[in-house]
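Enquirer: Compact mmCIF, C-alpha atoms (C1' of nucleotides), saved as data.txt, coming up:
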# COMPACT_ATOMS: atom_id res chain seq x y z
CA MET C 1 32.22 22.87 -6.49
CA PRO C 2 28.88 22.72 -4.70
CA GLU C 3 25.70 21.34 -6.25
CA ASN C 4 24.64 23.61 -9.05
CA PHE C 5 20.99 24.21 -8.29
CA SER C 6 20.20 26.35 -11.28
CA SER C 7 21.37 23.72 -13.77
CA LEU C 8 19.40 21.07 -11.90
CA ARG C 9 16.43 23.35 -12.24
CA VAL C 10 16.90 23.65 -15.97
CA GLU C 11 17.24 19.90 -16.29
CA ALA C 12 14.08 19.35 -14.26
CA VAL C 13 12.13 21.73 -16.48
CA ASP C 14 13.46 20.05 -19.62
CA MET C 15 12.54 16.61 -18.30
CA MET C 16 8.97 17.72 -17.68
CA ARG C 17 8.63 19.43 -21.04
CA GLN C 18 9.78 16.27 -22.78
CA LYS C 19 7.03 14.34 -21.03
CA GLY C 20 4.35 16.94 -21.64
CA ILE C 21 4.17 18.08 -18.02
CA ASN C 22 3.53 21.75 -17.37
CA PRO C 23 6.46 22.85 -15.19
CA THR C 24 4.81 24.80 -12.41
CA ARG C 25 6.57 26.16 -9.35
CA GLN C 26 5.46 23.26 -7.14
CA ARG C 27 6.42 20.61 -9.66
CA ILE C 28 9.83 22.15 -10.16
CA GLU C 29 10.47 22.19 -6.42
CA ILE C 30 9.49 18.54 -6.12
CA ALA C 31 11.60 17.55 -9.12
CA GLN C 32 14.63 19.40 -7.75
CA ALA C 33 14.21 17.62 -4.45
CA ILE C 34 14.09 14.11 -5.85
CA PHE C 35 16.37 14.21 -8.88
CA VAL C 36 19.45 15.33 -6.97
CA LYS C 37 20.67 11.74 -7.11
CA PRO C 38 19.26 8.28 -7.89
CA GLN C 39 17.20 7.33 -4.86
CA HIS C 40 14.04 5.82 -3.45
CA VAL C 41 11.77 8.23 -1.63
CA SER C 42 8.35 8.04 -0.05
CA ALA C 43 5.75 10.77 -0.40
CA ASP C 44 6.31 12.21 3.03
CA GLN C 45 10.07 12.18 2.62
CA VAL C 46 9.50 14.34 -0.43
CA LEU C 47 7.23 16.58 1.60
CA SER C 48 9.95 17.17 4.21
CA LEU C 49 12.63 17.66 1.57
CA VAL C 50 10.58 20.27 -0.22
CA ASN C 51 9.50 22.08 2.91
CA LYS C 52 12.95 22.04 4.50
CA ARG C 53 13.83 25.30 2.83
CA HIS C 54 10.47 26.98 3.29
CA HIS C 55 6.91 25.72 3.54
CA SER C 56 5.78 25.89 0.00
CA VAL C 57 4.06 22.73 -1.22
CA SER C 58 1.07 20.99 0.33
CA LYS C 59 0.84 17.31 1.12
CA ALA C 60 -1.90 16.78 -1.45
CA THR C 61 0.18 18.33 -4.18
CA VAL C 62 3.17 16.18 -3.34
CA TYR C 63 1.01 13.05 -3.64
CA ASN C 64 -0.67 14.18 -6.80
CA THR C 65 2.58 15.26 -8.40
CA LEU C 66 4.40 12.03 -7.60
CA GLY C 67 1.46 10.15 -9.08
CA LEU C 68 1.66 12.33 -12.19
CA PHE C 69 5.42 11.79 -12.50
CA ALA C 70 4.88 8.05 -12.21
CA ARG C 71 2.17 7.99 -14.88
CA LYS C 72 4.39 10.01 -17.21
CA GLY C 73 7.41 7.82 -16.62
CA LEU C 74 9.63 10.29 -14.78
CA VAL C 75 9.75 8.05 -11.72
CA ARG C 76 8.82 4.46 -11.02
CA GLU C 77 6.36 3.46 -8.34
CA VAL C 78 7.56 0.59 -6.18
CA ILE C 79 5.09 -0.95 -3.79
CA VAL C 80 6.61 -3.14 -1.16
CA ASP C 81 4.43 -3.01 1.89
CA PRO C 82 0.91 -1.98 2.73
CA SER C 83 1.00 1.77 3.05
CA LYS C 84 4.60 2.02 1.92
CA VAL C 85 5.01 3.27 -1.62
CA PHE C 86 8.41 4.34 -2.84
CA TYR C 87 9.21 6.45 -5.87
CA ASP C 88 12.36 5.37 -7.65
CA THR C 89 14.14 8.03 -9.65
CA THR C 90 15.82 5.34 -11.76
CA THR C 91 13.32 4.52 -14.48
CA SER C 92 15.30 2.06 -16.57
CA PRO C 93 14.03 -1.51 -16.10
CA HIS C 94 15.42 -3.13 -12.98
CA HIS C 95 14.19 -4.99 -9.93
CA HIS C 96 14.32 -4.55 -6.19
CA PHE C 97 15.48 -6.01 -2.95
CA TYR C 98 13.30 -5.06 -0.04
CA ASN C 99 14.72 -5.68 3.40
CA ILE C 100 11.80 -6.57 5.64
CA ASP C 101 13.80 -5.92 8.80
CA THR C 102 15.19 -2.52 7.95
CA GLY C 103 12.65 -1.26 5.42
CA GLU C 104 15.53 -0.56 3.05
CA LEU C 105 14.94 -0.74 -0.70
CA MET C 106 17.78 -1.52 -3.11
CA ASP C 107 18.04 -1.80 -6.87
CA VAL C 108 18.87 -5.09 -8.57
CA GLU C 109 20.58 -4.97 -11.94
CA ILE C 110 18.19 -6.15 -14.62
CA ASP C 111 20.60 -8.77 -16.03
CA SER C 112 21.51 -10.31 -12.70
CA LEU C 113 18.04 -11.84 -12.74
CA LEU C 114 16.99 -13.55 -15.89
CA LEU C 115 13.33 -13.48 -16.67
CA ALA C 116 13.47 -16.11 -19.37
CA GLU C 117 10.00 -15.70 -20.80
CA LEU C 118 6.77 -13.95 -20.15
CA PRO C 119 3.66 -16.09 -19.72
CA VAL C 120 0.86 -15.78 -22.21
CA LEU C 121 -1.17 -12.72 -21.37
CA PRO C 122 -4.94 -12.89 -20.96
CA GLU C 123 -6.83 -12.19 -24.19
CA GLY C 124 -7.12 -8.53 -25.07
CA THR C 125 -4.47 -7.23 -22.72
CA VAL C 126 -0.95 -5.85 -22.97
CA ALA C 127 1.83 -5.92 -20.41
CA GLU C 128 2.46 -2.53 -18.86
CA ALA C 129 5.21 -3.37 -16.39
CA VAL C 130 6.84 -6.31 -14.69
CA ASP C 131 7.68 -5.75 -11.06
CA VAL C 132 9.97 -8.15 -9.27
CA VAL C 133 10.51 -7.60 -5.57
CA ILE C 134 12.80 -9.96 -3.70
CA LYS C 135 12.03 -9.76 -0.02
CA ILE C 136 15.04 -10.40 2.14
CA ARG C 137 15.63 -10.47 5.86
CA ASN C 138 18.73 -10.20 8.00
CA LEU C 139 20.36 -13.47 9.02
CA PRO C 140 19.95 -13.92 12.77
CA ALA C 141 23.33 -13.36 14.43
CA VAL C 142 24.88 -16.70 15.38
CA ASN C 143 25.60 -16.91 19.10
CA MET E 1 -25.00 -31.71 -1.23
CA PRO E 2 -24.47 -28.21 0.13
CA GLU E 3 -21.14 -26.95 1.43
CA ASN E 4 -20.22 -28.87 4.52
CA PHE E 5 -19.41 -26.13 6.98
CA SER E 6 -18.48 -28.31 9.90
CA SER E 7 -15.75 -30.13 7.98
CA LEU E 8 -14.39 -26.82 6.71
CA ARG E 9 -14.32 -25.73 10.31
CA VAL E 10 -12.31 -28.75 11.37
CA GLU E 11 -9.88 -28.20 8.52
CA ALA E 12 -9.44 -24.56 9.44
CA VAL E 13 -8.68 -25.46 13.04
CA ASP E 14 -6.18 -28.12 11.96
CA MET E 15 -4.45 -25.69 9.63
CA MET E 16 -3.99 -23.19 12.42
CA ARG E 17 -2.78 -25.80 14.91
CA GLN E 18 -0.17 -26.94 12.40
CA LYS E 19 1.15 -23.40 12.18
CA GLY E 20 1.03 -22.78 15.90
CA ILE E 21 -1.90 -20.36 15.75
CA ASN E 22 -4.37 -20.43 18.60
CA PRO E 23 -7.74 -21.11 16.93
CA THR E 24 -10.02 -18.57 18.53
CA ARG E 25 -13.62 -17.92 17.52
CA GLN E 26 -12.70 -14.86 15.44
CA ARG E 27 -9.83 -16.58 13.69
CA ILE E 28 -11.98 -19.58 12.86
CA GLU E 29 -14.67 -17.38 11.36
CA ILE E 30 -12.12 -15.58 9.22
CA ALA E 31 -10.50 -18.83 8.12
CA GLN E 32 -13.87 -20.33 7.20
CA ALA E 33 -14.68 -17.25 5.16
CA ILE E 34 -11.50 -17.24 3.10
CA PHE E 35 -10.61 -20.91 2.67
CA VAL E 36 -13.90 -21.88 1.01
CA LYS E 37 -12.07 -21.83 -2.30
CA PRO E 38 -8.78 -20.53 -3.73
CA GLN E 39 -9.21 -16.80 -4.07
CA HIS E 40 -7.79 -13.33 -3.65
CA VAL E 41 -9.47 -11.19 -1.04
CA SER E 42 -8.87 -7.78 0.46
CA ALA E 43 -9.23 -7.05 4.16
CA ASP E 44 -12.58 -5.39 3.82
CA GLN E 45 -13.95 -8.11 1.59
CA VAL E 46 -13.12 -10.47 4.44
CA LEU E 47 -14.83 -8.13 6.85
CA SER E 48 -18.05 -8.22 4.84
CA LEU E 49 -17.88 -11.98 4.34
CA VAL E 50 -17.49 -12.59 8.04
CA ASN E 51 -20.13 -10.13 9.11
CA LYS E 52 -22.64 -11.24 6.47
CA ARG E 53 -24.03 -13.87 8.77
CA HIS E 54 -23.93 -11.78 11.95
CA HIS E 55 -21.73 -8.92 13.16
CA SER E 56 -19.06 -10.75 15.03
CA VAL E 57 -15.54 -9.64 14.13
CA SER E 58 -14.14 -6.13 14.22
CA LYS E 59 -12.21 -4.45 11.44
CA ALA E 60 -9.03 -4.32 13.53
CA THR E 61 -9.18 -8.03 14.20
CA VAL E 62 -9.63 -8.83 10.53
CA TYR E 63 -6.53 -6.79 9.69
CA ASN E 64 -4.50 -8.24 12.50
CA THR E 65 -5.58 -11.79 11.77
CA LEU E 66 -4.82 -11.58 8.06
CA GLY E 67 -1.41 -10.19 8.95
CA LEU E 68 -0.90 -13.11 11.34
CA PHE E 69 -1.99 -15.65 8.74
CA ALA E 70 0.42 -14.11 6.26
CA ARG E 71 3.35 -14.23 8.69
CA LYS E 72 2.58 -17.84 9.50
CA GLY E 73 2.27 -18.83 5.86
CA LEU E 74 -1.43 -19.64 5.74
CA VAL E 75 -2.02 -16.96 3.11
CA ARG E 76 0.20 -14.91 0.86
CA GLU E 77 0.21 -11.14 0.86
CA VAL E 78 0.11 -9.63 -2.61
CA ILE E 79 0.63 -5.90 -2.86
CA VAL E 80 -0.31 -4.40 -6.16
CA ASP E 81 -1.40 -0.87 -5.59
CA PRO E 82 -1.09 1.75 -2.89
CA SER E 83 -3.72 0.85 -0.35
CA LYS E 84 -4.71 -2.35 -2.12
CA VAL E 85 -3.42 -5.46 -0.44
CA PHE E 86 -4.77 -8.84 -1.43
CA TYR E 87 -4.52 -12.03 0.53
CA ASP E 88 -4.05 -15.06 -1.66
CA THR E 89 -5.24 -18.36 -0.23
CA THR E 90 -2.93 -20.22 -2.61
CA THR E 91 0.41 -20.29 -0.86
CA SER E 92 2.43 -22.41 -3.27
CA PRO E 93 4.94 -20.30 -5.22
CA HIS E 94 3.36 -18.55 -8.18
CA HIS E 95 3.13 -15.09 -9.66
CA HIS E 96 0.42 -12.62 -10.55
CA PHE E 97 -1.20 -10.64 -13.28
CA TYR E 98 -2.72 -7.43 -12.07
CA ASN E 99 -5.13 -5.74 -14.44
CA ILE E 100 -4.73 -2.01 -13.90
CA ASP E 101 -8.01 -1.25 -15.63
CA THR E 102 -10.25 -3.69 -13.81
CA GLY E 103 -8.36 -4.19 -10.55
CA GLU E 104 -8.52 -7.92 -11.17
CA LEU E 105 -5.76 -10.14 -9.82
CA MET E 106 -4.97 -13.50 -11.44
CA ASP E 107 -2.51 -16.27 -10.72
CA VAL E 108 0.32 -17.10 -13.08
CA GLU E 109 1.65 -20.65 -13.09
CA ILE E 110 5.13 -20.69 -11.61
CA ASP E 111 6.69 -22.51 -14.57
CA SER E 112 5.15 -20.32 -17.25
CA LEU E 113 7.64 -17.68 -16.15
CA LEU E 114 11.22 -18.75 -15.82
CA LEU E 115 13.25 -16.98 -13.21
CA ALA E 116 16.59 -18.28 -14.40
CA GLU E 117 18.73 -17.20 -11.48
CA LEU E 118 18.56 -15.15 -8.34
CA PRO E 119 20.98 -12.26 -8.03
CA VAL E 120 23.57 -12.32 -5.28
CA LEU E 121 21.93 -11.25 -2.06
CA PRO E 122 23.41 -8.49 0.09
CA GLU E 123 25.80 -9.80 2.74
CA GLY E 124 24.12 -11.25 5.82
CA THR E 125 20.63 -11.61 4.36
CA VAL E 126 18.39 -14.43 3.18
CA ALA E 127 15.63 -14.36 0.61
CA GLU E 128 12.20 -14.58 2.15
CA ALA E 129 10.01 -14.36 -0.92
CA VAL E 130 10.13 -13.39 -4.57
CA ASP E 131 7.11 -11.50 -5.77
CA VAL E 132 6.53 -11.00 -9.46
CA VAL E 133 3.61 -8.86 -10.50
CA ILE E 134 2.94 -8.36 -14.19
CA LYS E 135 0.83 -5.28 -14.64
CA ILE E 136 -1.43 -5.52 -17.64
CA ARG E 137 -3.99 -3.24 -19.19
CA ASN E 138 -6.86 -3.80 -21.57
CA LEU E 139 -6.14 -3.24 -25.25
CA PRO E 140 -8.06 -0.20 -26.46
CA ALA E 141 -10.92 -1.35 -28.67
CA VAL E 142 -10.09 -0.84 -32.33
CA ASN E 143 -12.62 1.37 -34.10
C1' DC R 1 -2.94 -13.77 41.73
C1' DT R 2 0.33 -13.08 37.77
C1' DG R 3 1.60 -13.24 33.10
C1' DT R 4 0.68 -14.04 28.39
C1' DG R 5 -2.24 -13.63 24.57
C1' DT R 6 -6.37 -11.67 22.14
C1' DG R 7 -9.88 -8.38 20.31
C1' DC R 8 -11.29 -3.99 19.28
C1' DA R 9 -12.18 1.30 19.72
C1' DA R 10 -9.82 4.88 18.78
C1' DA R 11 -5.80 7.17 16.90
C1' DG R 12 -2.72 7.84 13.24
C1' DC R 13 -1.47 7.25 9.04
C1' DT R 14 -1.76 7.70 3.72
C1' DT R 15 -4.32 8.89 -0.26
C1' DT R 16 -8.18 10.98 -2.85
C1' DT R 17 -11.68 14.38 -3.86
C1' DG R 18 -13.95 18.60 -4.77
C1' DC R 19 -13.64 23.10 -5.21
C1' DA R 20 -11.42 27.78 -5.46
C1' DC R 21 -8.17 29.86 -8.20
C1' DT R 22 -5.21 30.75 -11.93
C1' DA R 23 -3.89 31.42 -16.61
C1' DC R 24 -4.55 30.97 -20.88
C1' DT R 25 -8.03 31.91 -25.43
C1' DA J 1 -16.28 35.82 -20.36
C1' DG J 2 -15.27 30.86 -21.02
C1' DT J 3 -12.39 26.87 -20.59
C1' DA J 4 -8.81 23.81 -19.11
C1' DG J 5 -5.55 22.89 -15.84
C1' DT J 6 -3.51 23.25 -10.95
C1' DG J 7 -3.03 23.33 -5.83
C1' DC J 8 -4.67 22.32 -1.51
C1' DA J 9 -7.97 21.85 2.68
C1' DA J 10 -10.80 18.75 4.01
C1' DA J 11 -12.82 14.14 3.60
C1' DA J 12 -12.29 9.42 3.16
C1' DG J 13 -10.10 5.26 3.70
C1' DC J 14 -6.64 1.99 5.37
C1' DT J 15 -3.72 0.20 9.03
C1' DT J 16 -1.70 0.22 13.66
C1' DT J 17 -1.68 0.93 18.50
C1' DG J 18 -2.76 0.73 23.28
C1' DC J 19 -5.49 -0.87 26.50
C1' DA J 20 -9.25 -3.75 28.64
C1' DC J 21 -10.41 -8.30 29.04
C1' DA J 22 -9.87 -13.38 29.00
C1' DC J 23 -7.54 -17.31 30.03
C1' DA J 24 -3.82 -20.47 31.62
C1' DG J 25 -0.50 -21.59 34.98
Kindly return the structure encoded in the file as structure tokens.
Expert:
Amino acid sequence: MPENFSSLRVEAVDMMRQKGINPTRQRIEIAQAIFVKPQHVSADQVLSLVNKRHHSVSKATVYNTLGLFARKGLVREVIVDPSKVFYDTTTSPHHHFYNIDTGELMDVEIDSLLLAELPVLPEGTVAEAVDVVIKIRNLPAVN
Amino acid sequence: MPENFSSLRVEAVDMMRQKGINPTRQRIEIAQAIFVKPQHVSADQVLSLVNKRHHSVSKATVYNTLGLFARKGLVREVIVDPSKVFYDTTTSPHHHFYNIDTGELMDVEIDSLLLAELPVLPEGTVAEAVDVVIKIRNLPAVN
DNA sequence: CTGTGTGCAAAGCTTTTGCACTACT
DNA sequence: AGTAGTGCAAAAGCTTTGCACACAG
């Protein structure tokens, strides 16, 4: 059975409602594009995905919507490189491998890396998120 | 006694030689600007610092040189926000607090946060760096 | 004279802003 | 009609590229 788009659509709308996001046409299209499966996407990948079917969402709206989704907790912003922001559709706490050579981003199970204790926070602040990025590179082929 | 610029200059040149970087006029000016004290600077802060005395280094060269310094291990790239890259003159392993409200970046002692174990790396790769950024925000004032 | 390395103007990105428009009250 | 929220073209800002120049062999 092929991907059921209408149920994905319903899910996307529900998700947004739960987070207090007004589900407009553009936001629904973006949500449908990214929540097909767990993945890491950049803003312009989303733009192409959405406009594959028919030109219907502007660049600015894609950026603004992804930012909104991130603030509301629907996606997770992962910043790995100057001018390379990824949006991760998996929002449960976890960390990342970033392959410097290939640009590939992979999830790391939260419990395969033990963060034993948080340092004392500066006075008058609260922790919002802890981002761990392990930068890896390919082993040079042995000749 | 005021800051001794000529000895800073010599140190900067030595540093670069040790890392195999050709110490050109522009690179020396940039090094002198950033290694005055341990600090976090962005590319355009460096640009202003360098050109405060007299316009002498272009924007492109500042970007390229900071990238070079980072690759060679003279500074550490810390990426905290889309289009906000900091260069940290402290290169020993440590982590960061990033205050979302103020944009301030602070060092966290390496041993105040225990990374118990590294996860298994993907086949054929080596870890290059582990970046931990703890995003914090100011507590709302209680009324 | 040739080849390698460097610096920078300009090009090419990504992201943000400000305003027109919509959709409620 | 007034108000709050939304989408997008254009502006702004950041980073990279490609080429002219310098310098060493």
Enquirer: Select, from E:Ile34, E:Ser42, E:Ala127, E:Asp101, the residue with the minimum atom-to-atom distance to Pro82 in chain C, counting only C-alpha atoms.
Expert: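 Smallest distance to Pro82 in chain C is found for E:Ser42.
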Enquirer: Could you tell me which of C:Asn51, C:Ser92, C:Asn22, C:Thr102 comes closest to chain J if we count all atoms listed in the file?
Expert: C:Asn22
Enquirer: Tell me as a VMD selection string which residues belonging to chain C come within 7 Å of chain E, counting all atoms listed in the file.
Expert: chain C and resid 79 to 83 85 112 to 119 124 to 139
Enquirer: Could you list, as a list in words, the residues of chain C having an atom within 7 Å of chain J when counting all atoms listed in the file?
Expert: Ser58, Ala60 and Thr61 of chain C
Enquirer: Can you work out the spacing between CA of Tyr63 in chain C and CA of Ala43 in chain C in Å, to one decimal?
Expert: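 Atom-to-atom, CA of Tyr63 in chain C to CA of Ala43 in chain C, that is 6.2 Å.
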Enquirer: May I ask you to extract the residues of chain R within 9 Å of chain C, using only C-alpha atoms (C1' of nucleotides), and to give them as a short mmCIF file (atom, residue, chain, number, x, y, z; two decimals) with C-alpha atoms (C1' of nucleotides), in the frame of the given file?
Expert:
data_model
loop_
_atom_site.label_atom_id
_atom_site.label_comp_id
_atom_site.auth_asym_id
_atom_site.auth_seq_id
_atom_site.Cartn_x
_atom_site.Cartn_y
_atom_site.Cartn_z
"C1'" DC R 13 -1.47 7.25 9.04
"C1'" DT R 14 -1.76 7.70 3.72
"C1'" DT R 15 -4.32 8.89 -0.26
"C1'" DT R 16 -8.18 10.98 -2.85
#
Enquirer: Can you work out the spacing between CA of Met15 in chain C and CA of Leu74 in chain C in Å, to one decimal?
Expert: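 Rounded to one decimal, the two atoms are 7.8 Å apart.
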Enquirer: Set the distance at 7 Å and use all atoms listed in the file: which residues neighbour range 23-30 of chain C once local chain neighbours fewer than 5 positions away are removed? I'd like the list as a ChimeraX atom specification.
Expert: /C:12-13,16,50,57,65
Enquirer: Do you have the CA of Arg76 in chain C-CA of Thr90 in chain C distance handy?
Expert: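 Here the two named atoms are 7.1 Å from each other.
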Enquirer: Quick one: what's the axis-aligned box for range 14-23 of chain C, all listed atoms, 6 Å on every side, centre and edges in Å to one decimal, as AutoDock Vina command-line options?
Expert:
--center_x 8.5 --center_y 18.6 --center_z -19.0 --size_x 21.9 --size_y 20.5 --size_z 19.6
Enquirer: If you count all atoms listed in the file, which residues fall within 10 Å of range 6-10 of chain C, apart from same-chain ones fewer than 6 positions away, as a PyMOL selection string?
Expert: chain C and resi 28-29+31-33+35-36
Enquirer: Pick out the residues sitting within 8 Å of Leu66 in chain C, and hand them over as a list in words; count all atoms listed in the file, and ignore anything fewer than 4 positions along from it in its own chain.
Expert: Ala43, Val62, Ala70, Val75 and Tyr87 of chain C
Enquirer: Take the residues from that selection and write them out as a PDB file, in the frame of the given file, keeping C-alpha atoms.
Expert:
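Saved to part.pdb:
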ATOM      1  CA  ALA C  43       5.750  10.770  -0.400  1.00  0.00           C
ATOM      2  CA  VAL C  62       3.170  16.180  -3.340  1.00  0.00           C
ATOM      3  CA  ALA C  70       4.880   8.050 -12.210  1.00  0.00           C
ATOM      4  CA  VAL C  75       9.750   8.050 -11.720  1.00  0.00           C
ATOM      5  CA  TYR C  87       9.210   6.450  -5.870  1.00  0.00           C
TER       6      TYR C  87
END
Enquirer: Rank E:Val41, E:Ile21, E:Asp14, E:Ser56 by their smallest atom-to-atom distance to DG7 in chain R, using all atoms listed in the file, and report the top residue only.
Expert: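 Distance minimum relative to DG7 in chain R lands on E:Ser56.
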Enquirer: Please extract range 26-98 of chain C and write it out with C-alpha atoms, as a compact mmCIF listing (two decimals), in the first residue's frame.
Expert:
# COMPACT_ATOMS: atom_id res chain seq x y z
CA GLN C 26 1.84 26.47 3.52
CA ARG C 27 2.58 25.02 6.93
CA ILE C 28 0.71 21.85 6.12
CA GLU C 29 2.65 21.40 2.90
CA ILE C 30 5.95 21.86 4.71
CA ALA C 31 4.94 19.49 7.50
CA GLN C 32 3.86 16.83 5.00
CA ALA C 33 7.18 17.14 3.23
CA ILE C 34 9.36 16.69 6.30
CA PHE C 35 7.41 14.31 8.51
CA VAL C 36 7.23 11.51 5.94
CA LYS C 37 10.03 9.79 7.84
CA PRO C 38 12.62 10.65 10.50
CA GLN C 39 15.26 12.69 8.71
CA HIS C 40 17.58 15.67 8.72
CA VAL C 41 16.78 18.35 6.18
CA SER C 42 18.11 21.78 5.36
CA ALA C 43 15.89 24.72 4.51
CA ASP C 44 16.51 24.54 0.80
CA GLN C 45 15.96 20.80 0.71
CA VAL C 46 12.55 21.52 2.18
CA LEU C 47 12.00 24.19 -0.44
CA SER C 48 12.68 21.72 -3.27
CA LEU C 49 10.57 19.01 -1.64
CA VAL C 50 7.62 21.32 -1.29
CA ASN C 51 7.91 22.80 -4.74
CA LYS C 52 8.49 19.46 -6.47
CA ARG C 53 4.78 18.98 -6.91
CA HIS C 54 3.94 22.57 -7.79
CA HIS C 55 5.47 25.92 -6.91
CA SER C 56 3.50 26.88 -3.90
CA VAL C 57 5.64 28.07 -0.99
CA SER C 58 8.21 30.85 -1.00
CA LYS C 59 11.73 30.59 0.33
CA ALA C 60 11.03 33.10 3.09
CA THR C 61 8.05 31.13 4.30
CA VAL C 62 10.03 27.90 4.39
CA TYR C 63 12.68 29.58 6.56
CA ASN C 64 10.17 31.25 8.81
CA THR C 65 8.09 28.10 9.18
CA LEU C 66 11.04 25.88 10.02
CA GLY C 67 12.08 28.45 12.62
CA LEU C 68 8.56 28.41 14.03
CA PHE C 69 8.48 24.60 14.13
CA ALA C 70 11.81 24.62 15.95
CA ARG C 71 10.66 27.15 18.54
CA LYS C 72 7.50 25.14 19.15
CA GLY C 73 9.36 21.86 19.46
CA LEU C 74 8.10 20.11 16.34
CA VAL C 75 11.62 19.82 14.96
CA ARG C 76 15.08 20.26 16.39
CA GLU C 77 17.61 22.69 14.98
CA VAL C 78 21.06 21.19 14.56
CA ILE C 79 23.88 23.53 13.67
CA VAL C 80 26.99 21.84 12.46
CA ASP C 81 28.75 24.17 10.10
CA PRO C 82 28.68 27.84 9.27
CA SER C 83 25.71 28.30 6.98
CA LYS C 84 24.56 24.72 7.37
CA VAL C 85 21.55 24.32 9.61
CA PHE C 86 19.67 21.05 9.67
CA TYR C 87 16.19 20.42 10.98
CA ASP C 88 15.83 17.07 12.67
CA THR C 89 12.35 15.59 12.72
CA THR C 90 13.29 13.44 15.72
CA THR C 91 12.72 15.65 18.73
CA SER C 92 13.45 13.24 21.56
CA PRO C 93 16.80 14.01 23.22
CA HIS C 94 19.72 12.56 21.30
CA HIS C 95 23.04 13.65 19.89
CA HIS C 96 24.70 13.77 16.51
CA PHE C 97 27.58 12.57 14.43
CA TYR C 98 28.57 15.00 11.75
